[in-house]
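*Asks:* Sharing final_11.tsv below, TSV, C-alpha atoms:
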chain	number	residue	atom	x	y	z
Y	1	MET	CA	20.48	-6.97	13.99
Y	2	SER	CA	23.06	-4.55	15.22
Y	3	ILE	CA	22.24	-1.37	17.06
Y	4	VAL	CA	24.31	1.58	15.96
Y	5	PHE	CA	24.10	5.04	17.39
Y	6	SER	CA	24.90	8.14	15.50
Y	7	SER	CA	27.19	10.95	16.35
Y	8	HIS	CA	25.56	14.34	16.87
Y	9	PRO	CA	27.10	16.98	14.64
Y	10	GLU	CA	25.78	20.51	14.58
Y	11	PRO	CA	22.83	20.98	12.19
Y	12	PRO	CA	22.21	21.40	9.36
Y	13	TYR	CA	22.77	17.91	7.96
Y	14	PHE	CA	20.47	15.32	6.39
Y	15	ALA	CA	18.48	12.32	7.62
Y	16	VAL	CA	17.12	9.39	5.62
Y	17	ILE	CA	14.13	7.95	7.49
Y	18	PHE	CA	13.40	4.39	6.35
Y	19	CYS	CA	10.38	2.43	7.57
Y	20	SER	CA	9.70	-1.00	6.07
Y	21	GLU	CA	8.11	-4.41	6.44
Y	22	ILE	CA	9.89	-7.52	5.22
Y	23	ASP	CA	8.63	-11.02	4.45
Y	24	ARG	CA	9.44	-12.74	7.74
Y	25	SER	CA	10.46	-15.99	6.04
Y	26	GLU	CA	13.31	-13.97	4.51
Y	27	ALA	CA	14.44	-12.44	7.80
Y	28	ASP	CA	17.84	-14.20	8.02
Y	29	ALA	CA	18.86	-13.27	4.49
Y	30	TYR	CA	17.62	-9.73	5.05
Y	31	VAL	CA	19.60	-9.28	8.26
Y	32	ARG	CA	22.80	-10.45	6.56
Y	33	MET	CA	22.27	-7.95	3.73
Y	34	SER	CA	21.31	-5.19	6.12
Y	35	GLU	CA	24.41	-5.65	8.28
Y	36	ALA	CA	26.63	-5.71	5.19
Y	37	MET	CA	24.99	-2.48	3.95
Y	38	THR	CA	25.54	-0.81	7.34
Y	39	ARG	CA	29.25	-1.66	7.19
Y	40	LEU	CA	29.43	-0.38	3.62
Y	41	ALA	CA	27.51	2.84	4.39
Y	42	ALA	CA	29.83	3.54	7.32
Y	43	ARG	CA	32.73	3.75	4.85
Y	44	GLN	CA	30.99	6.26	2.54
Y	45	SER	CA	32.06	9.87	2.44
Y	46	GLY	CA	29.58	12.06	4.30
Y	47	PHE	CA	28.08	9.26	6.43
Y	48	LEU	CA	27.44	10.61	9.95
Y	49	GLY	CA	25.75	7.65	11.65
Y	50	LEU	CA	22.71	5.42	11.97
Y	51	ASP	CA	19.96	5.02	14.54
Y	52	GLU	CA	18.37	1.59	14.35
Y	53	ILE	CA	16.70	-0.88	16.67
Y	54	PRO	CA	15.93	-4.52	15.86
Y	55	ARG	CA	12.86	-5.34	13.81
Y	56	GLU	CA	9.71	-6.37	15.57
Y	57	GLY	CA	7.37	-8.67	13.66
Y	58	GLY	CA	8.98	-7.88	10.35
Y	59	ILE	CA	8.64	-4.13	10.75
Y	60	GLY	CA	11.69	-1.92	10.98
Y	61	LEU	CA	12.57	1.74	11.37
Y	62	ASN	CA	15.98	3.28	10.95
Y	63	VAL	CA	17.39	6.73	10.38
Y	64	SER	CA	20.76	7.31	8.71
Y	65	TYR	CA	22.49	10.68	8.84
Y	66	TRP	CA	24.48	12.32	6.07
Y	67	ARG	CA	26.50	15.50	5.64
Y	68	ASP	CA	24.63	16.68	2.54
Y	69	GLU	CA	22.35	15.58	-0.29
Y	70	ALA	CA	25.36	14.79	-2.50
Y	71	SER	CA	26.48	12.13	0.01
Y	72	ILE	CA	23.00	10.57	-0.05
Y	73	GLU	CA	23.02	10.56	-3.85
Y	74	ALA	CA	26.49	8.98	-3.99
Y	75	TRP	CA	25.41	6.24	-1.58
Y	76	LYS	CA	22.30	5.61	-3.68
Y	77	GLU	CA	24.53	5.16	-6.73
Y	78	ASN	CA	26.94	2.75	-5.01
Y	79	ALA	CA	26.73	-0.44	-7.12
Y	80	GLU	CA	26.59	-2.89	-4.21
Y	81	HIS	CA	23.91	-0.82	-2.52
Y	82	ALA	CA	21.89	-0.57	-5.75
Y	83	LEU	CA	21.99	-4.36	-6.08
Y	84	ALA	CA	20.86	-4.82	-2.47
Y	85	ARG	CA	17.93	-2.44	-3.01
Y	86	GLU	CA	16.92	-4.28	-6.18
Y	87	THR	CA	17.04	-7.64	-4.35
Y	88	GLY	CA	15.05	-6.07	-1.51
Y	89	ARG	CA	12.24	-4.95	-3.79
Y	90	ARG	CA	12.17	-8.32	-5.56
Y	91	GLU	CA	12.45	-10.65	-2.55
Y	92	TRP	CA	12.29	-9.03	0.87
Y	93	TYR	CA	10.18	-5.91	1.21
Y	94	GLU	CA	6.40	-6.02	1.55
Y	95	TRP	CA	6.53	-2.25	1.53
Y	96	PHE	CA	8.77	0.62	2.52
Y	97	HIS	CA	8.59	4.39	2.95
Y	98	LEU	CA	11.74	6.45	2.58
Y	99	ARG	CA	11.95	10.13	3.46
Y	100	VAL	CA	14.86	12.53	3.00
Y	101	ALA	CA	14.83	15.35	5.53
Y	102	ARG	CA	17.07	18.27	6.41
Y	103	VAL	CA	17.89	18.32	10.14
Y	104	GLU	CA	17.35	21.90	11.30
Y	105	ARG	CA	18.00	21.62	15.03
Y	106	SER	CA	18.70	19.05	17.72
Y	107	TYR	CA	18.59	18.68	21.48
Y	108	SER	CA	20.21	16.07	23.71
Y	109	PHE	CA	19.76	15.01	27.32
Y	110	ARG	CA	21.88	12.75	29.51
Y	111	ARG	CA	21.11	11.89	33.12
Y	112	GLY	CA	23.36	13.00	35.94
O	1	MET	CA	3.95	-0.49	22.98
O	2	SER	CA	1.68	0.31	20.10
O	3	ILE	CA	2.83	0.47	16.52
O	4	VAL	CA	1.38	3.38	14.60
O	5	PHE	CA	2.04	4.12	10.97
O	6	SER	CA	2.00	7.53	9.51
O	7	SER	CA	0.17	8.84	6.53
O	8	HIS	CA	2.29	10.04	3.64
O	9	PRO	CA	1.42	13.57	2.66
O	10	GLU	CA	3.33	15.40	-0.05
O	11	PRO	CA	6.50	17.10	1.24
O	12	PRO	CA	7.44	19.51	2.60
O	13	TYR	CA	6.43	18.77	6.18
O	14	PHE	CA	8.38	18.18	9.41
O	15	ALA	CA	9.72	15.16	11.28
O	16	VAL	CA	10.73	14.89	14.93
O	17	ILE	CA	13.25	12.06	15.26
O	18	PHE	CA	13.46	10.85	18.86
O	19	CYS	CA	16.00	8.24	20.00
O	20	SER	CA	16.22	7.41	23.72
O	21	GLU	CA	17.17	4.92	26.39
O	22	ILE	CA	15.01	4.45	29.47
O	23	ASP	CA	15.72	2.88	32.85
O	24	ARG	CA	14.34	-0.61	32.26
O	25	SER	CA	12.93	-0.89	35.78
O	26	GLU	CA	10.62	1.97	34.79
O	27	ALA	CA	9.46	0.38	31.54
O	28	ASP	CA	5.82	-0.22	32.55
O	29	ALA	CA	5.29	3.33	33.76
O	30	TYR	CA	7.05	4.66	30.69
O	31	VAL	CA	4.90	2.65	28.29
O	32	ARG	CA	1.70	3.90	29.95
O	33	MET	CA	2.90	7.50	29.62
O	34	SER	CA	4.11	6.98	26.07
O	35	GLU	CA	0.79	5.50	24.91
O	36	ALA	CA	-1.13	8.34	26.56
O	37	MET	CA	1.14	10.87	24.83
O	38	THR	CA	0.59	9.17	21.45
O	39	ARG	CA	-3.19	9.43	21.90
O	40	LEU	CA	-2.82	13.08	22.93
O	41	ALA	CA	-0.46	13.94	20.05
O	42	ALA	CA	-2.88	12.38	17.57
O	43	ARG	CA	-5.47	14.98	18.60
O	44	GLN	CA	-3.13	17.95	18.06
O	45	SER	CA	-3.57	20.26	15.11
O	46	GLY	CA	-0.93	19.57	12.48
O	47	PHE	CA	-0.12	16.01	13.62
O	48	LEU	CA	0.43	13.83	10.54
O	49	GLY	CA	1.43	10.50	12.05
O	50	LEU	CA	4.01	8.46	13.94
O	51	ASP	CA	6.42	5.67	13.01
O	52	GLU	CA	7.42	3.65	16.03
O	53	ILE	CA	8.44	0.10	16.82
O	54	PRO	CA	8.67	-1.41	20.30
O	55	ARG	CA	11.74	-0.74	22.44
O	56	GLU	CA	14.50	-3.28	22.52
O	57	GLY	CA	16.58	-3.44	25.70
O	58	GLY	CA	15.39	-0.06	26.86
O	59	ILE	CA	16.32	1.69	23.62
O	60	GLY	CA	13.68	3.25	21.42
O	61	LEU	CA	13.39	5.15	18.16
O	62	ASN	CA	10.34	6.94	16.85
O	63	VAL	CA	9.59	9.59	14.27
O	64	SER	CA	6.53	11.83	14.49
O	65	TYR	CA	5.40	13.92	11.54
O	66	TRP	CA	3.96	17.43	11.66
O	67	ARG	CA	2.55	19.92	9.18
O	68	ASP	CA	4.86	22.76	10.19
O	69	GLU	CA	7.17	24.03	12.93
O	70	ALA	CA	4.30	25.89	14.59
O	71	SER	CA	2.51	22.55	15.18
O	72	ILE	CA	5.65	21.12	16.78
O	73	GLU	CA	5.97	24.20	18.99
O	74	ALA	CA	2.30	24.02	20.06
O	75	TRP	CA	2.69	20.32	20.97
O	76	LYS	CA	5.84	21.14	22.96
O	77	GLU	CA	3.82	23.73	24.91
O	78	ASN	CA	0.90	21.40	25.64
O	79	ALA	CA	0.76	21.26	29.46
O	80	GLU	CA	0.23	17.52	29.76
O	81	HIS	CA	3.06	16.85	27.34
O	82	ALA	CA	5.37	19.25	29.19
O	83	LEU	CA	4.65	17.40	32.46
O	84	ALA	CA	5.37	14.03	30.81
O	85	ARG	CA	8.69	15.33	29.47
O	86	GLU	CA	9.64	16.68	32.88
O	87	THR	CA	8.81	13.32	34.52
O	88	GLY	CA	10.78	11.58	31.78
O	89	ARG	CA	13.93	13.59	32.44
O	90	ARG	CA	13.57	13.10	36.20
O	91	GLU	CA	12.65	9.41	36.31
O	92	TRP	CA	12.79	7.53	33.02
O	93	TYR	CA	15.36	8.64	30.49
O	94	GLU	CA	19.00	7.67	30.71
O	95	TRP	CA	19.51	9.84	27.65
O	96	PHE	CA	17.71	11.04	24.56
O	97	HIS	CA	18.48	12.77	21.28
O	98	LEU	CA	15.78	14.78	19.56
O	99	ARG	CA	16.12	16.17	16.04
O	100	VAL	CA	13.71	18.39	14.13
O	101	ALA	CA	13.98	17.93	10.37
O	102	ARG	CA	12.20	19.25	7.29
O	103	VAL	CA	11.08	16.41	5.00
O	104	GLU	CA	12.10	17.41	1.49
O	105	ARG	CA	11.10	14.34	-0.51
O	106	SER	CA	9.75	10.84	-0.06
O	107	TYR	CA	9.46	7.58	-1.94
O	108	SER	CA	7.24	4.57	-1.27
O	109	PHE	CA	7.17	0.98	-2.48
O	110	ARG	CA	4.54	-1.70	-2.10
O	111	ARG	CA	4.83	-5.25	-3.42
O	112	GLY	CA	2.52	-6.59	-6.08
Please re-express this file's structure in structure tokens.
*Replies:*
Amino acid sequence: MSIVFSSHPEPPYFAVIFCSEIDRSEADAYVRMSEAMTRLAARQSGFLGLDEIPREGGIGLNVSYWRDEASIEAWKENAEHALARETGRREWYEWFHLRVARVERSYSFRRG
Amino acid sequence: MSIVFSSHPEPPYFAVIFCSEIDRSEADAYVRMSEAMTRLAARQSGFLGLDEIPREGGIGLNVSYWRDEASIEAWKENAEHALARETGRREWYEWFHLRVARVERSYSFRRG
């Protein structure tokens, strides 16, 4: 699964925190869907980036960043994305937790 | 590295989103510190949980959850935590990005 790092705009903006476990026998199909959804999300208005690292033992955590709640709502209503979520609930996810949060402040460090 | 899953209280509450890359030659020392900090955080007032999956290629992503900003501030001022952060900047982190966000809403799914 790809690793994508977000840009770091000035707050406020929004984060969608998504933690999930998938049926491991479905991992290949899930990864294909997930990568397609990342490419699609990256073309949405208001998309600011994604932090994600590869799943470990079926469990995954990613955070996508959005300009405002309207951008999150528009992405939720995207037809291809809605179909992927429906397939996910029917075939792939054991469980997931999704949180929408407003980023209030941020701090970065880089060595050297 | 341990995997810890958070509880899911009713919003609003706060999330600290932490994405980082460590010097891989320091991974063992980092993991020991990180596990000690997780145990210490879990004893702090206002700590609600942690979502974390193991690092991949030195890169990690975790989200800790807190009752309010005062809890986050108190944890930041914990002496042992402050020392760990200082050591991290000096010896372990190539870079990190930390975001503090207010969780506005959440949604969960479980199969079956």
*Asks:* Rank nothing, just name the residue among Y:Leu48, Y:Leu61, Y:Ile22, Y:Ala70 nearest to Y:Gly88, using all atoms listed in the file.
*Replies:*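 Comparing Y:Leu48, Y:Leu61, Y:Ile22, Y:Ala70 against Y:Gly88, the winner is Y:Ile22.
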*Asks:* Please check the contacts: residues of chain Y at most 10 Å away from chain O, using all atoms listed in the file, listed as a PyMOL selection string.
*Replies:* chain Y and resi 3+5-6+8+11-21+51-57+59-63+89-112
*Asks:* Pairing the C-alpha atoms in order across the whole chain, superpose chain Y onto chain O by least squares and write the result as a JSON list (two decimals) with C-alpha atoms, in the coordinates of the input.
*Replies:*
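In the end it all went to part_17.json:
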[["chain", "number", "residue", "atom", "x", "y", "z"],
["Y", 1, "MET", "CA", 3.93, -0.53, 22.99],
["Y", 2, "SER", "CA", 1.70, 0.28, 20.10],
["Y", 3, "ILE", "CA", 2.88, 0.45, 16.53],
["Y", 4, "VAL", "CA", 1.44, 3.35, 14.60],
["Y", 5, "PHE", "CA", 2.11, 4.11, 10.99],
["Y", 6, "SER", "CA", 2.01, 7.52, 9.52],
["Y", 7, "SER", "CA", 0.16, 8.81, 6.55],
["Y", 8, "HIS", "CA", 2.29, 10.02, 3.65],
["Y", 9, "PRO", "CA", 1.42, 13.57, 2.68],
["Y", 10, "GLU", "CA", 3.32, 15.39, -0.02],
["Y", 11, "PRO", "CA", 6.50, 17.09, 1.25],
["Y", 12, "PRO", "CA", 7.43, 19.51, 2.61],
["Y", 13, "TYR", "CA", 6.42, 18.76, 6.20],
["Y", 14, "PHE", "CA", 8.37, 18.18, 9.40],
["Y", 15, "ALA", "CA", 9.71, 15.16, 11.29],
["Y", 16, "VAL", "CA", 10.73, 14.89, 14.94],
["Y", 17, "ILE", "CA", 13.26, 12.06, 15.27],
["Y", 18, "PHE", "CA", 13.47, 10.85, 18.88],
["Y", 19, "CYS", "CA", 16.00, 8.25, 20.01],
["Y", 20, "SER", "CA", 16.22, 7.41, 23.72],
["Y", 21, "GLU", "CA", 17.17, 4.92, 26.40],
["Y", 22, "ILE", "CA", 15.00, 4.45, 29.47],
["Y", 23, "ASP", "CA", 15.72, 2.89, 32.85],
["Y", 24, "ARG", "CA", 14.34, -0.61, 32.26],
["Y", 25, "SER", "CA", 12.94, -0.89, 35.78],
["Y", 26, "GLU", "CA", 10.62, 1.97, 34.80],
["Y", 27, "ALA", "CA", 9.48, 0.36, 31.54],
["Y", 28, "ASP", "CA", 5.82, -0.23, 32.54],
["Y", 29, "ALA", "CA", 5.29, 3.32, 33.76],
["Y", 30, "TYR", "CA", 7.06, 4.65, 30.68],
["Y", 31, "VAL", "CA", 4.91, 2.65, 28.27],
["Y", 32, "ARG", "CA", 1.72, 3.90, 29.93],
["Y", 33, "MET", "CA", 2.91, 7.51, 29.61],
["Y", 34, "SER", "CA", 4.11, 6.97, 26.07],
["Y", 35, "GLU", "CA", 0.80, 5.49, 24.91],
["Y", 36, "ALA", "CA", -1.12, 8.33, 26.57],
["Y", 37, "MET", "CA", 1.14, 10.88, 24.82],
["Y", 38, "THR", "CA", 0.59, 9.18, 21.45],
["Y", 39, "ARG", "CA", -3.18, 9.45, 21.90],
["Y", 40, "LEU", "CA", -2.83, 13.08, 22.93],
["Y", 41, "ALA", "CA", -0.47, 13.95, 20.04],
["Y", 42, "ALA", "CA", -2.89, 12.37, 17.57],
["Y", 43, "ARG", "CA", -5.48, 14.98, 18.59],
["Y", 44, "GLN", "CA", -3.14, 17.97, 18.05],
["Y", 45, "SER", "CA", -3.58, 20.27, 15.10],
["Y", 46, "GLY", "CA", -0.94, 19.58, 12.46],
["Y", 47, "PHE", "CA", -0.12, 16.02, 13.62],
["Y", 48, "LEU", "CA", 0.42, 13.83, 10.53],
["Y", 49, "GLY", "CA", 1.43, 10.50, 12.08],
["Y", 50, "LEU", "CA", 4.01, 8.47, 13.96],
["Y", 51, "ASP", "CA", 6.42, 5.70, 13.03],
["Y", 52, "GLU", "CA", 7.41, 3.65, 16.05],
["Y", 53, "ILE", "CA", 8.43, 0.10, 16.84],
["Y", 54, "PRO", "CA", 8.64, -1.43, 20.32],
["Y", 55, "ARG", "CA", 11.70, -0.76, 22.44],
["Y", 56, "GLU", "CA", 14.46, -3.30, 22.52],
["Y", 57, "GLY", "CA", 16.54, -3.45, 25.70],
["Y", 58, "GLY", "CA", 15.39, -0.05, 26.85],
["Y", 59, "ILE", "CA", 16.32, 1.68, 23.61],
["Y", 60, "GLY", "CA", 13.68, 3.26, 21.43],
["Y", 61, "LEU", "CA", 13.40, 5.16, 18.17],
["Y", 62, "ASN", "CA", 10.35, 6.94, 16.87],
["Y", 63, "VAL", "CA", 9.60, 9.59, 14.29],
["Y", 64, "SER", "CA", 6.53, 11.84, 14.50],
["Y", 65, "TYR", "CA", 5.39, 13.93, 11.55],
["Y", 66, "TRP", "CA", 3.96, 17.43, 11.67],
["Y", 67, "ARG", "CA", 2.55, 19.91, 9.17],
["Y", 68, "ASP", "CA", 4.86, 22.77, 10.19],
["Y", 69, "GLU", "CA", 7.16, 24.05, 12.92],
["Y", 70, "ALA", "CA", 4.27, 25.90, 14.58],
["Y", 71, "SER", "CA", 2.50, 22.56, 15.18],
["Y", 72, "ILE", "CA", 5.66, 21.14, 16.77],
["Y", 73, "GLU", "CA", 5.97, 24.20, 18.99],
["Y", 74, "ALA", "CA", 2.31, 24.02, 20.05],
["Y", 75, "TRP", "CA", 2.69, 20.34, 20.96],
["Y", 76, "LYS", "CA", 5.82, 21.15, 22.96],
["Y", 77, "GLU", "CA", 3.83, 23.74, 24.90],
["Y", 78, "ASN", "CA", 0.90, 21.40, 25.64],
["Y", 79, "ALA", "CA", 0.76, 21.27, 29.47],
["Y", 80, "GLU", "CA", 0.22, 17.52, 29.76],
["Y", 81, "HIS", "CA", 3.06, 16.86, 27.34],
["Y", 82, "ALA", "CA", 5.37, 19.27, 29.19],
["Y", 83, "LEU", "CA", 4.66, 17.42, 32.44],
["Y", 84, "ALA", "CA", 5.37, 14.05, 30.81],
["Y", 85, "ARG", "CA", 8.70, 15.33, 29.45],
["Y", 86, "GLU", "CA", 9.66, 16.68, 32.87],
["Y", 87, "THR", "CA", 8.81, 13.33, 34.51],
["Y", 88, "GLY", "CA", 10.78, 11.58, 31.76],
["Y", 89, "ARG", "CA", 13.93, 13.58, 32.43],
["Y", 90, "ARG", "CA", 13.58, 13.10, 36.19],
["Y", 91, "GLU", "CA", 12.65, 9.40, 36.30],
["Y", 92, "TRP", "CA", 12.78, 7.52, 33.01],
["Y", 93, "TYR", "CA", 15.35, 8.65, 30.47],
["Y", 94, "GLU", "CA", 19.01, 7.67, 30.69],
["Y", 95, "TRP", "CA", 19.52, 9.84, 27.65],
["Y", 96, "PHE", "CA", 17.72, 11.03, 24.56],
["Y", 97, "HIS", "CA", 18.49, 12.78, 21.27],
["Y", 98, "LEU", "CA", 15.78, 14.78, 19.55],
["Y", 99, "ARG", "CA", 16.12, 16.18, 16.05],
["Y", 100, "VAL", "CA", 13.71, 18.40, 14.12],
["Y", 101, "ALA", "CA", 13.99, 17.94, 10.37],
["Y", 102, "ARG", "CA", 12.21, 19.25, 7.30],
["Y", 103, "VAL", "CA", 11.08, 16.41, 5.02],
["Y", 104, "GLU", "CA", 12.12, 17.40, 1.50],
["Y", 105, "ARG", "CA", 11.10, 14.33, -0.51],
["Y", 106, "SER", "CA", 9.74, 10.83, -0.06],
["Y", 107, "TYR", "CA", 9.46, 7.56, -1.94],
["Y", 108, "SER", "CA", 7.23, 4.56, -1.27],
["Y", 109, "PHE", "CA", 7.18, 0.97, -2.47],
["Y", 110, "ARG", "CA", 4.52, -1.71, -2.11],
["Y", 111, "ARG", "CA", 4.81, -5.25, -3.45],
["Y", 112, "GLY", "CA", 2.54, -6.52, -6.18]]
*Asks:* Could you jot down the atom CA of O:Ser71 to atom CA of O:Ala36 separation for me, Å, one decimal place?
*Replies:*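 For atom CA of O:Ser71 relative to atom CA of O:Ala36, the distance reads 18.6 Å.
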*Asks:* For a quick check of understanding, using all atoms listed in the file, which of O:Arg85, O:Arg32, O:Met37, O:Ser7 has the smallest distance to O:Leu50?
*Replies:*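 Of all the options, O:Ser7 lies closest to O:Leu50.
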*Asks:* What is the distance between atom CA of Y:Asn78 and atom CA of Y:Asp28, in Å to one decimal?
*Replies:*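 One can read the atom CA of Y:Asn78 to atom CA of Y:Asp28 distance as 23.2 Å.
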*Asks:* One number please: atom CA of Y:Phe47 to atom CA of Y:Lys76, in Å, one decimal.
*Replies:*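 Result for atom CA of Y:Phe47 versus atom CA of Y:Lys76: 12.2 Å, one decimal.
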*Asks:* Contacts of stretch 23-27 of chain Y at 6 Å or less, counting all atoms listed in the file, minus same-chain residues fewer than 2 places along, as a PDB file with C-alpha atoms, keeping the file's coordinate frame?
*Replies:*
ATOM      1  CA  ALA Y  29      18.860 -13.270   4.490  1.00  0.00           C
ATOM      2  CA  TYR Y  30      17.620  -9.730   5.050  1.00  0.00           C
ATOM      3  CA  GLY Y  58       8.980  -7.880  10.350  1.00  0.00           C
ATOM      4  CA  TRP Y  92      12.290  -9.030   0.870  1.00  0.00           C
TER       5      TRP Y  92
END
